[in-house]
file run_21.pdb (PDB, C-alpha atoms, pLDDT in the B column)
ATOM      1  CA  MET E   1    -165.462 -14.713  88.554  1.00 69.00           C
ATOM      2  CA  GLU E   2    -168.566 -12.512  88.710  1.00 87.00           C
ATOM      3  CA  LEU E   3    -168.001  -9.130  90.352  1.00 91.00           C
ATOM      4  CA  THR E   4    -171.074  -9.498  92.587  1.00 91.00           C
ATOM      5  CA  ALA E   5    -169.773 -12.882  93.776  1.00 91.00           C
ATOM      6  CA  ILE E   6    -166.548 -11.242  94.962  1.00 92.00           C
ATOM      7  CA  ILE E   7    -168.429  -8.819  97.225  1.00 92.00           C
ATOM      8  CA  LYS E   8    -170.522 -11.703  98.609  1.00 91.00           C
ATOM      9  CA  LYS E   9    -167.297 -13.499  99.578  1.00 88.00           C
ATOM     10  CA  LEU E  10    -166.038 -10.555 101.654  1.00 89.00           C
ATOM     11  CA  PRO E  11    -165.698 -11.582 105.312  1.00 87.00           C
ATOM     12  CA  TYR E  12    -167.608  -8.489 106.507  1.00 90.00           C
ATOM     13  CA  SER E  13    -171.231  -7.551 107.106  1.00 91.00           C
ATOM     14  CA  GLU E  14    -173.197  -4.448 108.051  1.00 91.00           C
ATOM     15  CA  PRO E  15    -172.282  -2.207 109.767  1.00 91.00           C
ATOM     16  CA  PHE E  16    -168.659  -2.951 108.826  1.00 93.00           C
ATOM     17  CA  LEU E  17    -169.053  -3.635 105.114  1.00 96.00           C
ATOM     18  CA  PHE E  18    -167.591  -0.748 103.085  1.00 97.00           C
ATOM     19  CA  ALA E  19    -167.996  -2.059  99.530  1.00 97.00           C
ATOM     20  CA  ASP E  20    -171.218  -1.529  97.560  1.00 97.00           C
ATOM     21  CA  GLU E  21    -170.228  -2.399  94.006  1.00 96.00           C
ATOM     22  CA  LEU E  22    -167.271  -3.609  91.988  1.00 97.00           C
ATOM     23  CA  LEU E  23    -166.970  -1.929  88.602  1.00 97.00           C
ATOM     24  CA  GLN E  24    -163.925  -3.805  87.306  1.00 97.00           C
ATOM     25  CA  ALA E  25    -161.535  -6.567  88.352  1.00 96.00           C
ATOM     26  CA  ASP E  26    -158.639  -8.161  86.495  1.00 96.00           C
ATOM     27  CA  GLU E  27    -155.154  -9.553  87.146  1.00 95.00           C
ATOM     28  CA  SER E  28    -153.702  -6.091  87.689  1.00 97.00           C
ATOM     29  CA  GLY E  29    -156.309  -4.408  89.885  1.00 97.00           C
ATOM     30  CA  VAL E  30    -159.880  -3.581  90.870  1.00 98.00           C
ATOM     31  CA  THR E  31    -162.233  -0.602  90.988  1.00 98.00           C
ATOM     32  CA  GLY E  32    -165.256  -0.343  93.250  1.00 98.00           C
ATOM     33  CA  THR E  33    -167.550   2.107  95.013  1.00 98.00           C
ATOM     34  CA  PHE E  34    -169.019   2.833  98.436  1.00 98.00           C
ATOM     35  CA  MET E  35    -171.623   5.376  99.576  1.00 98.00           C
ATOM     36  CA  PHE E  36    -171.019   6.845 103.040  1.00 98.00           C
ATOM     37  CA  LYS E  37    -174.623   7.056 104.197  1.00 97.00           C
ATOM     38  CA  LYS E  38    -175.470   9.896 106.584  1.00 95.00           C
ATOM     39  CA  GLU E  39    -176.891   7.392 109.085  1.00 94.00           C
ATOM     40  CA  LEU E  40    -173.589   5.581 109.705  1.00 94.00           C
ATOM     41  CA  ASP E  41    -173.039   5.423 113.446  1.00 91.00           C
ATOM     42  CA  PHE E  42    -169.509   6.857 113.573  1.00 92.00           C
ATOM     43  CA  TYR E  43    -170.741  10.220 112.241  1.00 92.00           C
ATOM     44  CA  LYS E  44    -172.580  10.822 115.541  1.00 88.00           C
ATOM     45  CA  GLY E  45    -169.340  11.439 117.393  1.00 86.00           C
ATOM     46  CA  HIS E  46    -166.622  12.217 114.868  1.00 82.00           C
ATOM     47  CA  PHE E  47    -166.434  16.008 114.966  1.00 84.00           C
ATOM     48  CA  LYS E  48    -169.592  17.101 116.734  1.00 82.00           C
ATOM     49  CA  ASP E  49    -171.822  19.288 114.545  1.00 86.00           C
ATOM     50  CA  ASN E  50    -169.474  18.839 111.556  1.00 91.00           C
ATOM     51  CA  PRO E  51    -169.219  15.083 110.823  1.00 95.00           C
ATOM     52  CA  VAL E  52    -166.302  13.845 108.733  1.00 96.00           C
ATOM     53  CA  THR E  53    -165.425  10.266 107.779  1.00 97.00           C
ATOM     54  CA  PRO E  54    -162.551   9.050 110.005  1.00 96.00           C
ATOM     55  CA  GLY E  55    -159.283   8.270 108.236  1.00 96.00           C
ATOM     56  CA  VAL E  56    -159.288   4.760 109.662  1.00 96.00           C
ATOM     57  CA  ILE E  57    -162.660   4.136 107.941  1.00 97.00           C
ATOM     58  CA  LEU E  58    -161.313   5.523 104.657  1.00 98.00           C
ATOM     59  CA  THR E  59    -158.345   3.159 105.027  1.00 97.00           C
ATOM     60  CA  GLU E  60    -160.676   0.231 105.771  1.00 97.00           C
ATOM     61  CA  THR E  61    -162.802   1.068 102.718  1.00 98.00           C
ATOM     62  CA  MET E  62    -159.716   1.132 100.519  1.00 97.00           C
ATOM     63  CA  ALA E  63    -158.547  -2.157 102.036  1.00 96.00           C
ATOM     64  CA  GLN E  64    -161.896  -3.923 101.563  1.00 96.00           C
ATOM     65  CA  ILE E  65    -162.270  -2.860  97.934  1.00 97.00           C
ATOM     66  CA  GLY E  66    -158.679  -2.466  96.778  1.00 95.00           C
ATOM     67  CA  LEU E  67    -156.987  -5.249  98.706  1.00 94.00           C
ATOM     68  CA  VAL E  68    -159.468  -7.921  99.842  1.00 92.00           C
ATOM     69  CA  CYS E  69    -161.663  -7.871  96.708  1.00 92.00           C
ATOM     70  CA  LEU E  70    -158.517  -8.025  94.584  1.00 92.00           C
ATOM     71  CA  GLY E  71    -157.165 -10.894  96.707  1.00 90.00           C
ATOM     72  CA  ILE E  72    -160.423 -12.825  96.299  1.00 90.00           C
ATOM     73  CA  TYR E  73    -160.294 -12.259  92.527  1.00 91.00           C
ATOM     74  CA  LEU E  74    -156.650 -13.333  92.276  1.00 90.00           C
ATOM     75  CA  SER E  75    -157.420 -16.444  94.368  1.00 85.00           C
ATOM     76  CA  ASP E  76    -160.325 -17.315  92.039  1.00 77.00           C
ATOM     77  CA  GLY E  77    -162.620 -17.074  95.062  1.00 63.00           C
ATOM     78  CA  ASP E  78    -161.089 -20.284  96.422  1.00 69.00           C
ATOM     79  CA  LEU E  79    -161.534 -19.343 100.094  1.00 66.00           C
ATOM     80  CA  LYS E  80    -162.215 -22.188 102.465  1.00 65.00           C
ATOM     81  CA  GLY E  81    -163.827 -22.146 105.902  1.00 66.00           C
ATOM     82  CA  ASP E  82    -160.449 -21.930 107.620  1.00 67.00           C
ATOM     83  CA  THR E  83    -159.236 -18.992 105.495  1.00 70.00           C
ATOM     84  CA  VAL E  84    -158.025 -15.915 107.339  1.00 76.00           C
ATOM     85  CA  ILE E  85    -157.613 -12.563 105.618  1.00 78.00           C
ATOM     86  CA  ALA E  86    -155.178 -10.346 107.510  1.00 85.00           C
ATOM     87  CA  PHE E  87    -154.460  -6.674 106.893  1.00 89.00           C
ATOM     88  CA  THR E  88    -150.715  -6.267 107.453  1.00 90.00           C
ATOM     89  CA  SER E  89    -149.791  -2.659 106.621  1.00 92.00           C
ATOM     90  CA  ALA E  90    -150.895   0.678 105.208  1.00 94.00           C
ATOM     91  CA  ASP E  91    -149.000   3.813 104.262  1.00 97.00           C
ATOM     92  CA  MET E  92    -151.740   6.385 103.701  1.00 98.00           C
ATOM     93  CA  GLU E  93    -151.909  10.013 102.627  1.00 98.00           C
ATOM     94  CA  PHE E  94    -155.167  11.904 103.283  1.00 98.00           C
ATOM     95  CA  LEU E  95    -155.828  14.820 100.934  1.00 98.00           C
ATOM     96  CA  LYS E  96    -159.487  15.885 101.317  1.00 98.00           C
ATOM     97  CA  PRO E  97    -162.294  15.172 103.778  1.00 97.00           C
ATOM     98  CA  VAL E  98    -165.129  12.781 102.956  1.00 98.00           C
ATOM     99  CA  TYR E  99    -168.497  13.890 104.342  1.00 96.00           C
ATOM    100  CA  PRO E 100    -171.706  11.994 105.076  1.00 97.00           C
ATOM    101  CA  GLY E 101    -173.643  11.302 101.891  1.00 97.00           C
ATOM    102  CA  GLU E 102    -170.598  11.132  99.624  1.00 98.00           C
ATOM    103  CA  LYS E 103    -169.946   8.266  97.226  1.00 98.00           C
ATOM    104  CA  VAL E 104    -166.323   7.314  96.666  1.00 98.00           C
ATOM    105  CA  THR E 105    -164.557   5.206  94.079  1.00 98.00           C
ATOM    106  CA  VAL E 106    -161.527   3.116  95.009  1.00 98.00           C
ATOM    107  CA  SER E 107    -159.066   1.904  92.382  1.00 98.00           C
ATOM    108  CA  SER E 108    -156.118  -0.304  93.190  1.00 98.00           C
ATOM    109  CA  GLN E 109    -153.226  -1.673  91.186  1.00 98.00           C
ATOM    110  CA  LYS E 110    -151.403  -4.849  92.194  1.00 98.00           C
ATOM    111  CA  ILE E 111    -147.751  -4.353  93.087  1.00 97.00           C
ATOM    112  CA  PHE E 112    -147.240  -8.058  93.813  1.00 96.00           C
ATOM    113  CA  PHE E 113    -149.148 -11.188  94.820  1.00 94.00           C
ATOM    114  CA  ARG E 114    -147.138 -14.227  95.890  1.00 92.00           C
ATOM    115  CA  PHE E 115    -147.215 -16.820  98.655  1.00 87.00           C
ATOM    116  CA  GLY E 116    -150.609 -15.483  99.754  1.00 84.00           C
ATOM    117  CA  LYS E 117    -149.297 -11.954 100.305  1.00 93.00           C
ATOM    118  CA  LEU E 118    -150.771  -9.072  98.312  1.00 94.00           C
ATOM    119  CA  LYS E 119    -149.454  -5.529  98.080  1.00 97.00           C
ATOM    120  CA  CYS E 120    -151.152  -2.831  96.048  1.00 97.00           C
ATOM    121  CA  SER E 121    -151.293   0.883  95.397  1.00 98.00           C
ATOM    122  CA  ALA E 122    -154.767   2.366  95.934  1.00 98.00           C
ATOM    123  CA  VAL E 123    -156.477   5.694  95.284  1.00 98.00           C
ATOM    124  CA  MET E 124    -159.862   6.925  96.536  1.00 98.00           C
ATOM    125  CA  LYS E 125    -161.718   9.646  94.620  1.00 98.00           C
ATOM    126  CA  ASN E 126    -164.913  11.541  95.377  1.00 98.00           C
ATOM    127  CA  GLU E 127    -167.746  11.996  92.877  1.00 97.00           C
ATOM    128  CA  ALA E 128    -166.045  15.120  91.503  1.00 97.00           C
ATOM    129  CA  GLY E 129    -163.061  12.936  90.571  1.00 98.00           C
ATOM    130  CA  GLN E 130    -160.794  14.520  93.199  1.00 98.00           C
ATOM    131  CA  GLU E 131    -158.339  12.315  95.074  1.00 98.00           C
ATOM    132  CA  VAL E 132    -159.298  12.184  98.741  1.00 98.00           C
ATOM    133  CA  CYS E 133    -156.634   9.687  99.816  1.00 98.00           C
ATOM    134  CA  ARG E 134    -154.072   7.261  98.449  1.00 98.00           C
ATOM    135  CA  GLY E 135    -151.685   4.721  99.804  1.00 97.00           C
ATOM    136  CA  ILE E 136    -149.886   1.416  99.703  1.00 98.00           C
ATOM    137  CA  LEU E 137    -151.823  -1.443 101.311  1.00 97.00           C
ATOM    138  CA  ALA E 138    -150.701  -4.965 102.121  1.00 96.00           C
ATOM    139  CA  GLY E 139    -152.353  -8.083 103.449  1.00 94.00           C
ATOM    140  CA  MET E 140    -152.232 -11.824 103.362  1.00 91.00           C
ATOM    141  CA  ILE E 141    -154.534 -14.755 102.825  1.00 80.00           C
ATOM    142  CA  THR E 142    -153.710 -17.747 104.978  1.00 75.00           C
ATOM    143  CA  GLN E 143    -155.344 -20.645 106.828  1.00 70.00           C
ATOM    144  CA  LYS E 144    -156.049 -20.889 110.571  1.00 70.00           C
ATOM    145  CA  LEU E 145    -153.473 -22.915 112.426  1.00 65.00           C
TER
END
call {"tool": "encode", "arguments": {"input": "run_21.pdb", "output": "structure tokens"}}
result
Amino acid sequence: MELTAIIKKLPYSEPFLFADELLQADESGVTGTFMFKKELDFYKGHFKDNPVTPGVILTETMAQIGLVCLGIYLSDGDLKGDTVIAFTSADMEFLKPVYPGEKVTVSSQKIFFRFGKLKCSAVMKNEAGQEVCRGILAGMITQKL
């Protein structure tokens, strides 16, 4: 499956799409990038006069790239109209702030994928190669009832 096709299959759109590019995807994991543009709306109110990317947005970015993109790849993109992608858990550790204008790279490694449930270990790094956060993410791909 083409890497650009995976991003097009994500069930998100602006302003809630946090995946710009996939660099690699295989049976064991994915790597992708996102640029936190200075104009993103949440920066207006998250730490007045000193904007920082909220941890929940960092978690969402890691989930979109490291969990959902990997799930789409592992499912061969076979998502139907009644497919639901559900984020089920995250155990995150935040190490460094991410500021407006920073580009991050997310890499994830599959822990397991069975019965539509995916669990992976993910790391986010800044452009200097420093870890900014890491965690264990889980989700599931299912059909609407």
call {"tool": "closest_residue", "arguments": {"input": "run_21.pdb", "among": "E:Met62, E:Ala90, E:Val123, E:Ile85", "to": "E:Leu137", "atoms": "all atoms listed in the file"}}
result
E:Ala90
call {"tool": "residues_around", "arguments": {"input": "run_21.pdb", "residues": "E:Lys9", "least_positions_apart": "2", "cutoff": "9 Å", "atoms": "all atoms listed in the file", "output": "PyMOL selection string"}}
result
chain E and resi 4-7+11-12+69+72+77+79
call {"tool": "atom_distance", "arguments": {"input": "run_21.pdb", "atom1": "atom CA of E:Lys37", "atom2": "atom CA of E:Gly139"}}
result
26.9 Å
call {"tool": "residues_around", "arguments": {"input": "run_21.pdb", "residues": "E:Leu58", "least_positions_apart": "4", "cutoff": "10 Å", "atoms": "all atoms listed in the file", "output": "ChimeraX atom specification"}}
result
/E:18,36,53-54,62-64,92,94,97-98,104,106,124,132-134
call {"tool": "closest_residue", "arguments": {"input": "run_21.pdb", "among": "E:Ile136, E:Cys120, E:Val56, E:Ile65", "to": "E:Asp91", "atoms": "all atoms listed in the file"}}
result
E:Ile136
call {"tool": "axis_aligned_box", "arguments": {"input": "run_21.pdb", "around": "stretch 25-30 of chain E", "padding_each_side": "5 Å", "output": "lines of an AutoDock Vina configuration file"}}
result
center_x = -157.6
center_y = -6.6
center_z = 88.7
size_x = 17.8
size_y = 16.0
size_z = 14.4
call {"tool": "residues_around", "arguments": {"input": "run_21.pdb", "residues": "E:Ala86", "least_positions_apart": "6", "cutoff": "9 Å", "atoms": "all atoms listed in the file", "output": "list in words"}}
result
Ala138, Gly139, Met140, Ile141 and Thr142 of chain E
call {"tool": "write_last_selection", "arguments": {"input": "run_21.pdb", "atoms": "C-alpha atoms", "output": "PDB file, in the frame of the given file"}}
result
ATOM      1  CA  ALA E 138    -150.701  -4.965 102.121  1.00 96.00           C
ATOM      2  CA  GLY E 139    -152.353  -8.083 103.449  1.00 94.00           C
ATOM      3  CA  MET E 140    -152.232 -11.824 103.362  1.00 91.00           C
ATOM      4  CA  ILE E 141    -154.534 -14.755 102.825  1.00 80.00           C
ATOM      5  CA  THR E 142    -153.710 -17.747 104.978  1.00 75.00           C
TER       6      THR E 142
END
call {"tool": "closest_residue", "arguments": {"input": "run_21.pdb", "among": "E:Leu40, E:Leu23, E:Leu95, E:Val68", "to": "E:Lys110", "atoms": "all atoms listed in the file"}}
result
E:Val68
